[in-house]
file final-v2.tsv (TSV, C-alpha atoms)
chain	number	residue	atom	x	y	z
X	1160	MET	CA	0.00	0.00	0.00
X	1161	THR	CA	1.31	3.46	-0.90
X	1162	ARG	CA	1.52	6.42	1.43
X	1163	ALA	CA	-1.36	8.10	-0.31
X	1164	SER	CA	-3.56	5.08	0.09
X	1165	ARG	CA	-2.64	4.91	3.73
X	1166	ARG	CA	-3.67	8.59	4.10
X	1167	THR	CA	-7.11	8.08	2.62
X	1168	GLY	CA	-7.58	4.66	4.10
X	1169	ARG	CA	-8.50	3.25	0.73
X	1170	PRO	CA	-6.27	1.28	-1.53
X	1171	ARG	CA	-5.43	3.29	-4.64
X	1172	HIS	CA	-6.04	1.56	-7.91
X	1173	HIS	CA	-3.69	2.61	-10.64
X	1174	PRO	CA	-3.93	1.65	-14.27
X	1175	PRO	CA	-1.47	-1.03	-15.29
X	1176	GLY	CA	0.65	1.51	-17.21
X	1177	MET	CA	0.90	3.69	-14.19
X	1178	ILE	CA	1.92	0.76	-12.02
X	1179	LEU	CA	4.79	0.29	-14.32
X	1180	ALA	CA	5.58	4.00	-14.11
X	1181	LEU	CA	5.37	3.87	-10.34
X	1182	ALA	CA	7.72	1.02	-10.28
X	1183	ALA	CA	10.04	2.97	-12.53
X	1184	TRP	CA	9.59	6.40	-10.78
X	1185	PRO	CA	9.05	6.04	-7.04
X	1186	ILE	CA	7.99	9.69	-6.44
X	1187	LEU	CA	4.81	9.05	-8.37
X	1188	GLY	CA	3.79	6.66	-5.57
X	1189	THR	CA	3.45	9.58	-3.11
X	1190	VAL	CA	2.12	12.38	-5.38
X	1191	ASP	CA	-0.98	12.19	-7.54
X	1192	PRO	CA	-0.28	14.27	-10.64
X	1193	ARG	CA	-4.03	14.89	-11.15
X	1194	ASP	CA	-4.35	16.82	-7.86
X	1195	ARG	CA	-2.73	19.83	-9.50
X	1196	LEU	CA	-5.20	19.68	-12.31
X	1197	ARG	CA	-8.10	19.48	-9.89
X	1198	SER	CA	-7.02	22.53	-7.88
X	1199	ALA	CA	-6.43	24.50	-11.04
X	1200	GLY	CA	-9.89	23.54	-12.28
X	1201	LYS	CA	-11.45	24.57	-8.98
X	1202	ARG	CA	-9.78	27.98	-9.19
X	1203	LEU	CA	-11.41	28.46	-12.58
X	1204	THR	CA	-14.88	27.07	-11.86
X	1205	ASP	CA	-15.62	28.96	-8.62
X	1206	PRO	CA	-15.55	32.45	-10.18
X	1207	ALA	CA	-17.36	31.10	-13.18
X	1208	GLU	CA	-20.15	29.75	-10.97
X	1209	ALA	CA	-20.44	33.06	-9.15
X	1210	LEU	CA	-20.59	34.88	-12.45
X	1211	ALA	CA	-23.26	32.53	-13.76
X	1212	GLN	CA	-25.28	33.06	-10.58
X	1213	ARG	CA	-25.09	36.85	-10.95
X	1214	VAL	CA	-26.04	36.63	-14.59
X	1215	ALA	CA	-29.00	34.37	-13.81
X	1216	GLU	CA	-30.24	36.71	-11.07
X	1217	ARG	CA	-29.94	39.70	-13.38
X	1218	VAL	CA	-31.80	37.89	-16.11
X	1219	VAL	CA	-34.58	36.93	-13.74
X	1220	ASP	CA	-34.83	40.54	-12.56
X	1221	LEU	CA	-35.08	41.75	-16.12
X	1222	VAL	CA	-37.71	39.15	-17.02
X	1223	VAL	CA	-39.79	39.97	-13.94
X	1224	GLU	CA	-39.62	43.68	-14.71
X	1225	VAL	CA	-40.83	43.06	-18.23
X	1226	LEU	CA	-43.55	40.61	-17.24
X	1227	ASP	CA	-47.10	41.86	-16.53
X	1228	VAL	CA	-47.84	39.55	-13.63
X	1229	ASN	CA	-51.48	40.61	-13.41
X	1230	ALA	CA	-52.08	39.74	-17.03
X	1231	LEU	CA	-50.30	36.48	-16.47
X	1232	MET	CA	-52.45	35.70	-13.46
X	1233	GLN	CA	-55.58	36.46	-15.42
X	1234	ARG	CA	-54.58	33.91	-18.00
X	1235	LEU	CA	-53.90	31.39	-15.32
X	1236	ASP	CA	-56.68	28.93	-14.55
X	1237	LEU	CA	-56.21	28.81	-10.82
X	1238	ASN	CA	-59.03	26.35	-10.34
X	1239	ALA	CA	-57.33	23.92	-12.64
X	1240	VAL	CA	-54.11	24.41	-10.77
X	1241	LEU	CA	-55.77	23.93	-7.44
X	1242	ARG	CA	-57.52	20.83	-8.65
X	1243	ARG	CA	-54.15	19.28	-9.25
X	1244	VAL	CA	-52.92	20.16	-5.78
X	1245	ASP	CA	-53.30	17.54	-3.13
X	1246	VAL	CA	-54.32	19.91	-0.35
X	1247	THR	CA	-54.50	17.17	2.24
X	1248	ALA	CA	-50.94	16.13	1.61
X	1249	LEU	CA	-49.95	19.78	1.67
X	1250	LEU	CA	-51.62	20.33	5.01
X	1251	ASP	CA	-50.03	17.21	6.39
X	1252	ARG	CA	-46.70	18.80	5.78
X	1253	VAL	CA	-47.66	22.03	7.54
X	1254	ASP	CA	-46.66	22.35	11.16
X	1255	VAL	CA	-49.79	24.14	12.34
X	1256	THR	CA	-48.51	24.62	15.86
X	1257	ALA	CA	-45.39	26.34	14.60
X	1258	LEU	CA	-47.54	28.39	12.26
X	1259	LEU	CA	-49.82	29.50	15.06
X	1260	ASP	CA	-46.85	30.36	17.22
X	1261	ARG	CA	-45.90	32.91	14.63
X	1262	VAL	CA	-49.39	34.45	14.46
X	1263	ASP	CA	-50.17	37.46	16.62
X	1264	LEU	CA	-53.75	36.58	17.52
X	1265	ASN	CA	-54.36	39.85	19.35
X	1266	ASP	CA	-53.41	41.78	16.27
X	1267	LEU	CA	-55.55	39.49	14.15
X	1268	ILE	CA	-58.59	39.92	16.38
X	1269	SER	CA	-58.13	43.68	16.54
X	1270	ARG	CA	-58.44	43.70	12.77
X	1271	VAL	CA	-61.74	41.78	12.79
X	1272	ASP	CA	-64.96	43.80	12.49
X	1273	LEU	CA	-66.91	42.08	15.25
X	1274	ASP	CA	-70.10	44.04	14.57
X	1275	ALA	CA	-70.15	42.86	10.99
X	1276	LEU	CA	-69.36	39.35	12.12
X	1277	LEU	CA	-72.11	39.30	14.74
X	1278	ALA	CA	-74.59	40.76	12.27
X	1279	ARG	CA	-74.17	37.58	10.25
X	1280	VAL	CA	-74.76	35.33	13.25
X	1281	ASP	CA	-78.24	33.97	13.88
X	1282	VAL	CA	-78.24	34.34	17.64
X	1283	ASN	CA	-81.66	32.77	18.03
X	1284	ASP	CA	-80.50	29.67	16.24
X	1285	LEU	CA	-77.40	29.66	18.38
X	1286	VAL	CA	-79.44	29.86	21.56
X	1287	GLN	CA	-81.75	27.11	20.38
X	1288	ARG	CA	-78.74	24.85	20.04
X	1289	LEU	CA	-77.62	25.57	23.57
X	1290	ASP	CA	-78.17	22.82	26.07
X	1291	ILE	CA	-79.29	25.00	28.95
X	1292	ASP	CA	-79.37	22.10	31.39
X	1293	GLU	CA	-75.79	21.21	30.61
X	1294	LEU	CA	-74.73	24.83	30.71
X	1295	VAL	CA	-76.21	25.41	34.13
X	1296	GLU	CA	-74.82	22.15	35.38
X	1297	GLN	CA	-71.31	22.66	34.11
X	1298	THR	CA	-70.86	26.29	35.05
X	1299	ASP	CA	-71.39	28.60	37.99
X	1300	LEU	CA	-74.35	30.05	36.15
X	1301	GLY	CA	-76.71	27.99	38.28
X	1302	ALA	CA	-75.34	29.41	41.49
X	1303	VAL	CA	-75.52	32.91	40.07
X	1304	ILE	CA	-79.14	32.48	39.04
X	1305	ALA	CA	-80.04	30.88	42.34
X	1306	ARG	CA	-78.45	33.72	44.28
X	1307	SER	CA	-79.98	36.42	42.13
X	1308	SER	CA	-83.51	35.11	41.72
X	1309	GLY	CA	-83.97	32.38	44.25
X	1310	GLY	CA	-86.17	32.52	47.25
X	1311	VAL	CA	-88.68	30.44	49.06
X	1312	ALA	CA	-91.57	32.49	47.71
X	1313	THR	CA	-90.34	32.15	44.15
X	1314	GLU	CA	-89.89	28.43	44.56
X	1315	ALA	CA	-93.38	28.06	45.97
X	1316	LEU	CA	-94.84	30.18	43.19
X	1317	ASP	CA	-93.09	28.17	40.50
X	1318	ALA	CA	-94.31	24.96	42.06
X	1319	ALA	CA	-97.88	26.16	42.46
X	1320	ARG	CA	-98.07	27.39	38.90
X	1321	SER	CA	-96.58	24.18	37.61
X	1322	GLN	CA	-99.07	22.09	39.51
X	1323	ALA	CA	-101.95	24.26	38.34
X	1324	VAL	CA	-100.93	23.96	34.71
X	1325	GLY	CA	-100.58	20.23	35.12
X	1326	MET	CA	-104.10	19.96	36.46
X	1327	ASP	CA	-105.38	22.28	33.72
X	1328	GLN	CA	-104.02	19.97	31.10
X	1329	PHE	CA	-105.21	16.86	32.87
X	1330	ILE	CA	-108.78	18.16	33.05
X	1331	ASP	CA	-108.64	19.46	29.52
X	1332	ARG	CA	-107.58	16.07	28.21
X	1333	TRP	CA	-110.50	14.39	29.95
X	1334	VAL	CA	-113.00	16.97	28.72
X	1335	GLN	CA	-111.74	16.63	25.15
X	1336	ARG	CA	-112.05	12.87	25.48
X	1337	ALA	CA	-115.56	13.10	26.94
X	1338	LEU	CA	-116.67	15.44	24.18
X	1339	ARG	CA	-115.08	13.10	21.61
X	1340	ARG	CA	-113.15	15.87	20.01
X	1341	ASN	CA	-110.59	14.55	17.60
X	1342	HIS	CA	-109.28	17.96	16.65
X	1343	PRO	CA	-107.70	19.91	19.46
X	1344	GLY	CA	-108.73	23.53	19.47
X	1345	PRO	CA	-106.41	26.46	19.01
X	1346	VAL	CA	-103.87	26.58	21.78
X	1347	ALA	CA	-103.35	30.32	21.73
X	1348	PRO	CA	-105.18	33.48	20.66
X	1349	GLY	CA	-104.77	34.38	17.03
X	1350	GLU	CA	-103.59	30.90	16.08
X	1351	PRO	CA	-106.35	29.08	14.25
X	1352	ASP	CA	-104.31	25.93	13.75
X	1353	GLY	CA	-103.08	26.14	17.26
X	1354	ARG	CA	-99.51	25.17	16.68
X	1355	GLU	CA	-97.35	28.17	17.52
X	1356	PRO	CA	-98.37	30.69	20.15
X	1357	PRO	CA	-97.78	34.39	19.68
X	1358	ALA	CA	-95.44	36.42	21.78
X	1359	SER	CA	-96.60	36.96	25.30
X	1360	PRO	CA	-98.63	40.05	26.09
X	1361	ASP	CA	-95.59	41.42	27.88
X	1362	GLY	CA	-93.76	41.38	24.61
X	1363	HIS	CA	-91.43	38.64	25.79
X	1364	ALA	CA	-90.55	35.79	23.56
X	1365	PRO	CA	-92.54	32.67	24.29
X	1366	ALA	CA	-90.85	30.77	27.02
X	1367	LEU	CA	-89.66	27.26	26.73
X	1368	SER	CA	-90.82	24.65	29.02
X	1369	GLN	CA	-90.21	21.02	29.38
X	1370	PRO	CA	-93.28	18.98	29.61
X	1371	GLY	CA	-93.29	15.47	28.59
X	1372	GLN	CA	-96.96	15.98	28.20
X	1373	ASP	CA	-99.34	16.36	25.36
X	1374	GLN	CA	-100.29	19.88	24.75
N	1428	MET	CA	-78.98	16.12	35.39
N	1429	SER	CA	-78.69	15.93	31.69
N	1430	GLY	CA	-80.13	12.50	31.84
N	1431	ARG	CA	-83.39	13.97	33.00
N	1432	HIS	CA	-83.98	16.04	29.92
N	1433	ALA	CA	-87.38	15.65	28.44
N	1434	PRO	CA	-87.03	15.11	24.73
N	1435	GLY	CA	-89.29	17.85	23.48
N	1436	TRP	CA	-89.41	21.36	24.74
N	1437	VAL	CA	-92.56	23.18	23.87
N	1438	THR	CA	-93.90	26.47	24.86
N	1439	SER	CA	-97.13	27.15	26.68
N	1440	GLN	CA	-96.66	30.82	27.42
N	1441	GLY	CA	-99.43	32.58	25.57
N	1442	HIS	CA	-101.61	29.46	25.48
N	1443	TYR	CA	-105.17	29.53	26.73
N	1444	ALA	CA	-105.23	29.06	30.47
N	1445	GLY	CA	-107.19	26.16	31.88
N	1446	SER	CA	-109.89	25.85	34.47
N	1447	VAL	CA	-107.82	25.05	37.55
N	1448	SER	CA	-105.48	28.01	37.18
N	1449	ARG	CA	-108.42	30.32	36.65
N	1450	LEU	CA	-110.41	28.90	39.55
N	1451	LEU	CA	-107.45	29.20	41.91
N	1452	ALA	CA	-106.82	32.74	40.76
N	1453	PHE	CA	-110.45	33.63	41.38
N	1454	LEU	CA	-110.40	32.08	44.84
N	1455	ILE	CA	-107.31	34.08	45.75
N	1456	ASP	CA	-108.94	37.22	44.40
N	1457	ALA	CA	-112.12	36.51	46.33
N	1458	VAL	CA	-110.19	36.04	49.57
N	1459	VAL	CA	-108.05	39.11	48.98
N	1460	SER	CA	-110.87	41.41	47.92
N	1461	VAL	CA	-113.19	40.32	50.72
N	1462	GLY	CA	-110.33	40.50	53.19
N	1463	LEU	CA	-109.41	43.99	52.09
N	1464	PHE	CA	-113.03	45.08	52.25
N	1465	SER	CA	-113.47	43.61	55.71
N	1466	LEU	CA	-110.30	45.32	56.84
N	1467	GLY	CA	-111.51	48.60	55.42
N	1468	LEU	CA	-114.85	48.13	57.11
N	1469	ALA	CA	-113.17	47.45	60.45
N	1470	VAL	CA	-111.01	50.54	60.05
N	1471	ALA	CA	-114.07	52.61	59.13
N	1472	ASN	CA	-115.88	51.31	62.24
N	1473	LEU	CA	-112.91	52.22	64.39
N	1474	VAL	CA	-112.52	55.68	62.90
N	1475	TRP	CA	-116.24	56.34	63.27
N	1476	GLU	CA	-116.11	55.26	66.89
N	1477	VAL	CA	-113.05	57.43	67.62
N	1478	VAL	CA	-114.46	60.49	65.88
N	1479	THR	CA	-118.09	60.32	67.06
N	1480	GLY	CA	-117.69	58.37	70.24
N	1481	HIS	CA	-120.54	56.09	69.24
N	1482	SER	CA	-119.94	52.42	68.71
N	1483	VAL	CA	-121.19	51.13	65.37
N	1484	HIS	CA	-121.07	47.75	63.82
N	1485	TRP	CA	-121.35	47.87	60.06
N	1486	THR	CA	-121.66	44.55	58.35
N	1487	ARG	CA	-122.37	43.48	54.81
N	1488	ALA	CA	-125.95	42.80	55.82
N	1489	ASN	CA	-126.39	46.53	55.78
N	1490	ILE	CA	-127.72	47.55	52.40
N	1491	VAL	CA	-125.37	50.50	52.10
N	1492	VAL	CA	-122.44	48.38	53.01
N	1493	ALA	CA	-123.61	45.75	50.53
N	1494	ILE	CA	-123.74	48.32	47.75
N	1495	ILE	CA	-120.29	49.59	48.68
N	1496	PHE	CA	-119.10	46.00	48.69
N	1497	VAL	CA	-120.40	45.41	45.17
N	1498	LEU	CA	-118.79	48.64	43.98
N	1499	TRP	CA	-115.55	47.64	45.64
N	1500	GLU	CA	-115.58	44.26	43.94
N	1501	PHE	CA	-116.29	45.89	40.63
N	1502	PHE	CA	-113.42	48.32	41.25
N	1503	TYR	CA	-111.06	45.55	42.34
N	1504	PHE	CA	-111.61	43.42	39.26
N	1505	GLY	CA	-112.40	46.17	36.76
N	1506	TYR	CA	-109.43	48.32	37.61
N	1507	SER	CA	-107.05	45.36	37.65
N	1508	TRP	CA	-108.20	44.06	34.28
N	1509	ALA	CA	-108.32	47.49	32.68
N	1510	ALA	CA	-104.97	48.61	34.02
N	1511	SER	CA	-102.81	45.53	33.69
N	1512	GLY	CA	-104.97	42.67	32.46
N	1513	ARG	CA	-104.51	40.76	35.68
N	1514	THR	CA	-105.73	40.73	39.21
N	1515	PHE	CA	-103.61	39.79	42.20
N	1516	GLY	CA	-104.76	36.18	42.05
N	1517	MET	CA	-104.06	35.99	38.34
N	1518	ALA	CA	-100.60	37.40	38.93
N	1519	VAL	CA	-99.96	34.71	41.50
N	1520	LEU	CA	-101.05	31.97	39.13
N	1521	GLY	CA	-99.26	33.58	36.20
N	1522	ILE	CA	-102.26	34.10	33.97
N	1523	ARG	CA	-103.47	37.20	32.20
N	1524	VAL	CA	-106.51	38.54	30.38
N	1525	VAL	CA	-105.80	39.48	26.78
N	1526	GLY	CA	-107.80	40.31	23.68
N	1527	THR	CA	-108.95	37.57	21.34
N	1528	ASP	CA	-105.97	38.33	19.12
N	1529	GLY	CA	-103.54	37.84	21.97
N	1530	ALA	CA	-102.76	41.54	22.29
N	1531	ALA	CA	-103.00	43.41	25.56
N	1532	LEU	CA	-106.59	43.96	26.66
N	1533	ALA	CA	-108.02	47.38	25.90
N	1534	PRO	CA	-109.00	49.14	29.15
N	1535	TRP	CA	-112.63	49.46	28.15
N	1536	ARG	CA	-112.81	45.74	27.56
N	1537	GLY	CA	-111.48	45.23	31.06
N	1538	VAL	CA	-114.29	47.39	32.42
N	1539	VAL	CA	-116.90	45.56	30.36
N	1540	ARG	CA	-115.52	42.25	31.52
N	1541	ALA	CA	-115.93	43.33	35.13
N	1542	LEU	CA	-119.47	44.57	34.48
N	1543	VAL	CA	-120.65	41.34	32.87
N	1544	PHE	CA	-118.65	39.09	35.16
N	1545	PRO	CA	-121.65	38.49	37.50
N	1546	LEU	CA	-123.62	37.12	34.55
N	1547	SER	CA	-121.42	34.06	34.53
N	1548	PHE	CA	-122.61	33.24	38.06
N	1549	LEU	CA	-126.25	33.04	36.93
N	1550	PHE	CA	-127.90	29.64	36.59
N	1551	LEU	CA	-125.48	27.94	38.97
N	1552	GLY	CA	-122.46	29.36	37.28
N	1553	LEU	CA	-123.42	28.11	33.85
N	1554	GLY	CA	-121.43	30.93	32.29
N	1555	PHE	CA	-118.22	29.41	33.58
N	1556	LEU	CA	-118.87	26.15	31.79
N	1557	GLY	CA	-117.23	27.65	28.72
N	1558	ILE	CA	-113.88	27.51	30.48
N	1559	LEU	CA	-114.20	23.73	30.51
N	1560	VAL	CA	-115.87	22.93	27.23
N	1561	GLN	CA	-115.19	25.85	24.95
N	1562	ARG	CA	-112.20	25.33	22.66
N	1563	GLU	CA	-110.65	28.61	23.72
N	1564	HIS	CA	-111.58	28.19	27.38
N	1565	ARG	CA	-113.65	31.35	27.32
N	1566	ALA	CA	-116.38	31.95	29.86
N	1567	LEU	CA	-119.53	33.94	29.18
N	1568	HIS	CA	-117.98	37.20	30.34
N	1569	ASP	CA	-115.00	36.54	28.07
N	1570	LEU	CA	-117.26	36.04	25.08
N	1571	ILE	CA	-119.13	39.25	25.81
N	1572	ALA	CA	-116.04	41.36	26.50
N	1573	GLY	CA	-114.01	39.87	23.65
N	1574	SER	CA	-111.29	38.62	25.94
N	1575	CYS	CA	-109.56	35.42	26.84
N	1576	VAL	CA	-107.17	34.27	29.53
N	1577	VAL	CA	-103.68	32.99	28.75
N	1578	TYR	CA	-100.67	31.76	30.64
N	1579	ALA	CA	-98.22	34.60	31.01
N	1580	TRP	CA	-95.59	33.43	33.42
N	1581	ASP	CA	-92.10	32.82	32.23
N	1582	ALA	CA	-91.62	29.08	32.49
N	1583	ARG	CA	-88.12	29.36	31.11
N	1584	ALA	CA	-87.06	31.55	34.00
N	1585	ALA	CA	-88.77	29.17	36.38
N	1586	ARG	CA	-87.00	26.28	34.82
N	1587	LEU	CA	-83.67	28.05	35.05
N	1588	ARG	CA	-84.34	28.73	38.70
N	1589	PHE	CA	-85.11	25.07	39.19
N	1590	LEU	CA	-81.97	23.98	37.39
N	1591	ALA	CA	-79.96	26.53	39.32
N	1592	ARG	CA	-81.26	25.29	42.64
N	1593	ASP	CA	-80.52	21.77	41.54
N	1594	ALA	CA	-77.03	22.65	40.36
N	1595	GLU	CA	-76.03	24.76	43.34
N	1596	PRO	CA	-75.36	21.89	45.77
N	1597	SER	CA	-73.07	20.24	43.23
N	1598	MET	CA	-71.24	23.52	42.83
N	1599	ASN	CA	-70.70	23.62	46.54
N	1600	GLY	CA	-69.14	20.19	46.46
N	1601	SER	CA	-72.02	18.09	47.69
N	1602	ALA	CA	-73.57	15.53	45.47
N	1603	PRO	CA	-76.73	16.59	43.72
N	1604	GLY	CA	-79.84	14.65	44.40
N	1605	PRO	CA	-80.62	11.74	42.16
N	1606	ALA	CA	-82.96	12.25	39.31
N	1607	GLY	CA	-86.55	11.57	40.02
N	1608	ALA	CA	-87.08	9.27	42.93
N	1609	GLY	CA	-86.06	10.52	46.27
N	1610	SER	CA	-85.00	13.97	45.25
N	1611	ALA	CA	-87.06	16.96	46.09
N	1612	PRO	CA	-86.48	19.42	43.30
N	1613	GLY	CA	-88.49	22.20	44.78
N	1614	PRO	CA	-90.67	22.66	47.78
N	1615	ALA	CA	-91.90	19.46	49.34
N	1616	GLY	CA	-94.36	17.74	47.11
N	1617	ALA	CA	-94.02	20.32	44.43
N	1618	GLY	CA	-93.53	19.28	40.87
N	1619	ARG	CA	-90.71	20.52	38.71
N	1620	PRO	CA	-91.52	23.75	37.03
N	1621	GLY	CA	-91.86	23.00	33.43
N	1622	GLN	CA	-92.29	19.30	33.87
N	1623	ALA	CA	-95.23	16.99	33.51
N	1624	GLY	CA	-97.67	19.67	32.76
N	1625	GLY	CA	-95.94	22.10	34.96
N	1626	SER	CA	-94.74	24.24	32.18
N	1627	VAL	CA	-96.22	27.32	30.85

call {"tool": "encode", "arguments": {"input": "final-v2.tsv", "output": "structure tokens"}}
result
Amino acid sequence: MTRASRRTGRPRHHPPGMILALAAWPILGTVDPRDRLRSAGKRLTDPAEALAQRVAERVVDLVVEVLDVNALMQRLDLNAVLRRVDVTALLDRVDVTALLDRVDLNDLISRVDLDALLARVDVNDLVQRLDIDELVEQTDLGAVIARSSGGVATEALDAARSQAVGMDQFIDRWVQRALRRNHPGPVAPGEPDGREPPASPDGHAPALSQPGQDQ
Amino acid sequence: MSGRHAPGWVTSQGHYAGSVSRLLAFLIDAVVSVGLFSLGLAVANLVWEVVTGHSVHWTRANIVVAIIFVLWEFFYFGYSWAASGRTFGMAVLGIRVVGTDGAALAPWRGVVRALVFPLSFLFLGLGFLGILVQREHRALHDLIAGSCVVYAWDARAARLRFLARDAEPSMNGSAPGPAGAGSAPGPAGAGRPGQAGGSV
């Protein structure tokens, strides 16, 4: 093994002619004559690469200046492009947490027109979807309501009214049955079909209640 | 608690009030109005005795007192219906007199209702039969005055109060009562507001 091969740790393979030359000229066993050529080549290619880079950048700048990007975009069928994009795969590659870390949410929210946003929200529908029981159970809302509106008198009143309404409906069912009425009458003033009651005389929205009873 | 949800929530506020609510309201009104009149009569007796020094004992057997009593009753009911559409008893039971279209009762209709109210007592209270058998639960005086009686109490608020009372012990760390059997949701023996016919 030559000294050079010992340095690199790999055995050097020389062409048969060179082996003969090595045998004839021992200095060639320690010096690779192509190393000089390589370093000379490197000295030439590095500036050339830098030059090519500068030329390419300049060309791109010139092309971009000349191009009307808006016109180009108008000619571009973005839908067709998007159809070819696998958005799911794209999103899989996005680190959402890192993305959110870089977002200033306060700034984002300060730029949102909440009035316009809320104007588009159907609050009634939202409220209808609320599970009031769950809400009261899971939050301190129940305690707040109890403290603000509770009272023995209120409890008694609620109970008395509830019982009275229950008896009203019980008697009404029996009377309807005795009179053999198949069609229930209107349930509220101004409602001939008797399905939906009007707003209360106080102007409040009709209240919800929870009967498991026939109306 | 969520396991106790009834599947369908319906509204009864604004619905025609039934016979029991109306009867109870009338009984409360009768007690209150007679009580107030008797109190007034006792005060008048006392004042008369203090001012004149003569002891008198006015009762409703006295024709003048009887007339004043009738006028007082007319005032009690007429003013209540004309001013707010409800008497004290109706307020307690959460019912209200409204027009046939569901709008607030015009004051003159309230006065007419009070004037013709005694007609419903004729023939053994035949005029009240309409509350039971008429589709809109309207008595004779309702038909004449163009009025009807509806539930007006806010069952949703009552229900929230019930839920709040039920939820408060669990908020304080104690276990809430089990659903249904064994638990007393409200006052002893009272039903849940808004449940099993208890909703308005």

call {"tool": "closest_residue", "arguments": {"input": "final-v2.tsv", "among": "N:Val1492, N:Ala1444, N:Ala1469, N:Leu1454", "to": "Asp1331 of chain X", "atoms": "only C-alpha atoms"}}
result
N:Ala1444

call {"tool": "atom_distance", "arguments": {"input": "final-v2.tsv", "atom1": "atom CA of Phe1515 of chain N", "atom2": "atom CA of Leu1451 of chain N"}}
result
11.3 Å

call {"tool": "atom_distance", "arguments": {"input": "final-v2.tsv", "atom1": "atom CA of Asp1569 of chain N", "atom2": "atom CA of Ser1507 of chain N"}}
result
15.3 Å

call {"tool": "atom_distance", "arguments": {"input": "final-v2.tsv", "atom1": "atom CA of Pro1348 of chain X", "atom2": "atom CA of Asp1317 of chain X"}}
result
23.8 Å

call {"tool": "closest_residue", "arguments": {"input": "final-v2.tsv", "among": "N:Val1474, N:Ala1541, N:Ile1495, N:Ala1452", "to": "chain X", "atoms": "all atoms listed in the file"}}
result
N:Ala1452

call {"tool": "closest_residue", "arguments": {"input": "final-v2.tsv", "among": "N:Leu1498, N:Val1461, N:Ala1572, N:Ile1522", "to": "chain X", "atoms": "only C-alpha atoms"}}
result
N:Ile1522

call {"tool": "closest_residue", "arguments": {"input": "final-v2.tsv", "among": "N:Gly1554, N:Gly1521, N:Gly1516, N:Gly1445", "to": "Ala1582 of chain N", "atoms": "all atoms listed in the file"}}
result
N:Gly1521

call {"tool": "closest_residue", "arguments": {"input": "final-v2.tsv", "among": "N:Leu1532, N:Ala1471, N:Ile1490, N:Ile1455", "to": "chain X", "atoms": "only C-alpha atoms"}}
result
N:Leu1532

call {"tool": "closest_residue", "arguments": {"input": "final-v2.tsv", "among": "N:Cys1575, N:Leu1556, N:Val1543, N:Leu1567", "to": "chain X", "atoms": "only C-alpha atoms"}}
result
N:Cys1575

call {"tool": "axis_aligned_box", "arguments": {"input": "final-v2.tsv", "around": "segment 1197-1200 of chain X", "padding_each_side": "6 Å", "output": "JSON"}}
result
{"center_x": -8.2, "center_y": 22.0, "center_z": -10.1, "size_x": 15.5, "size_y": 17.0, "size_z": 16.4}
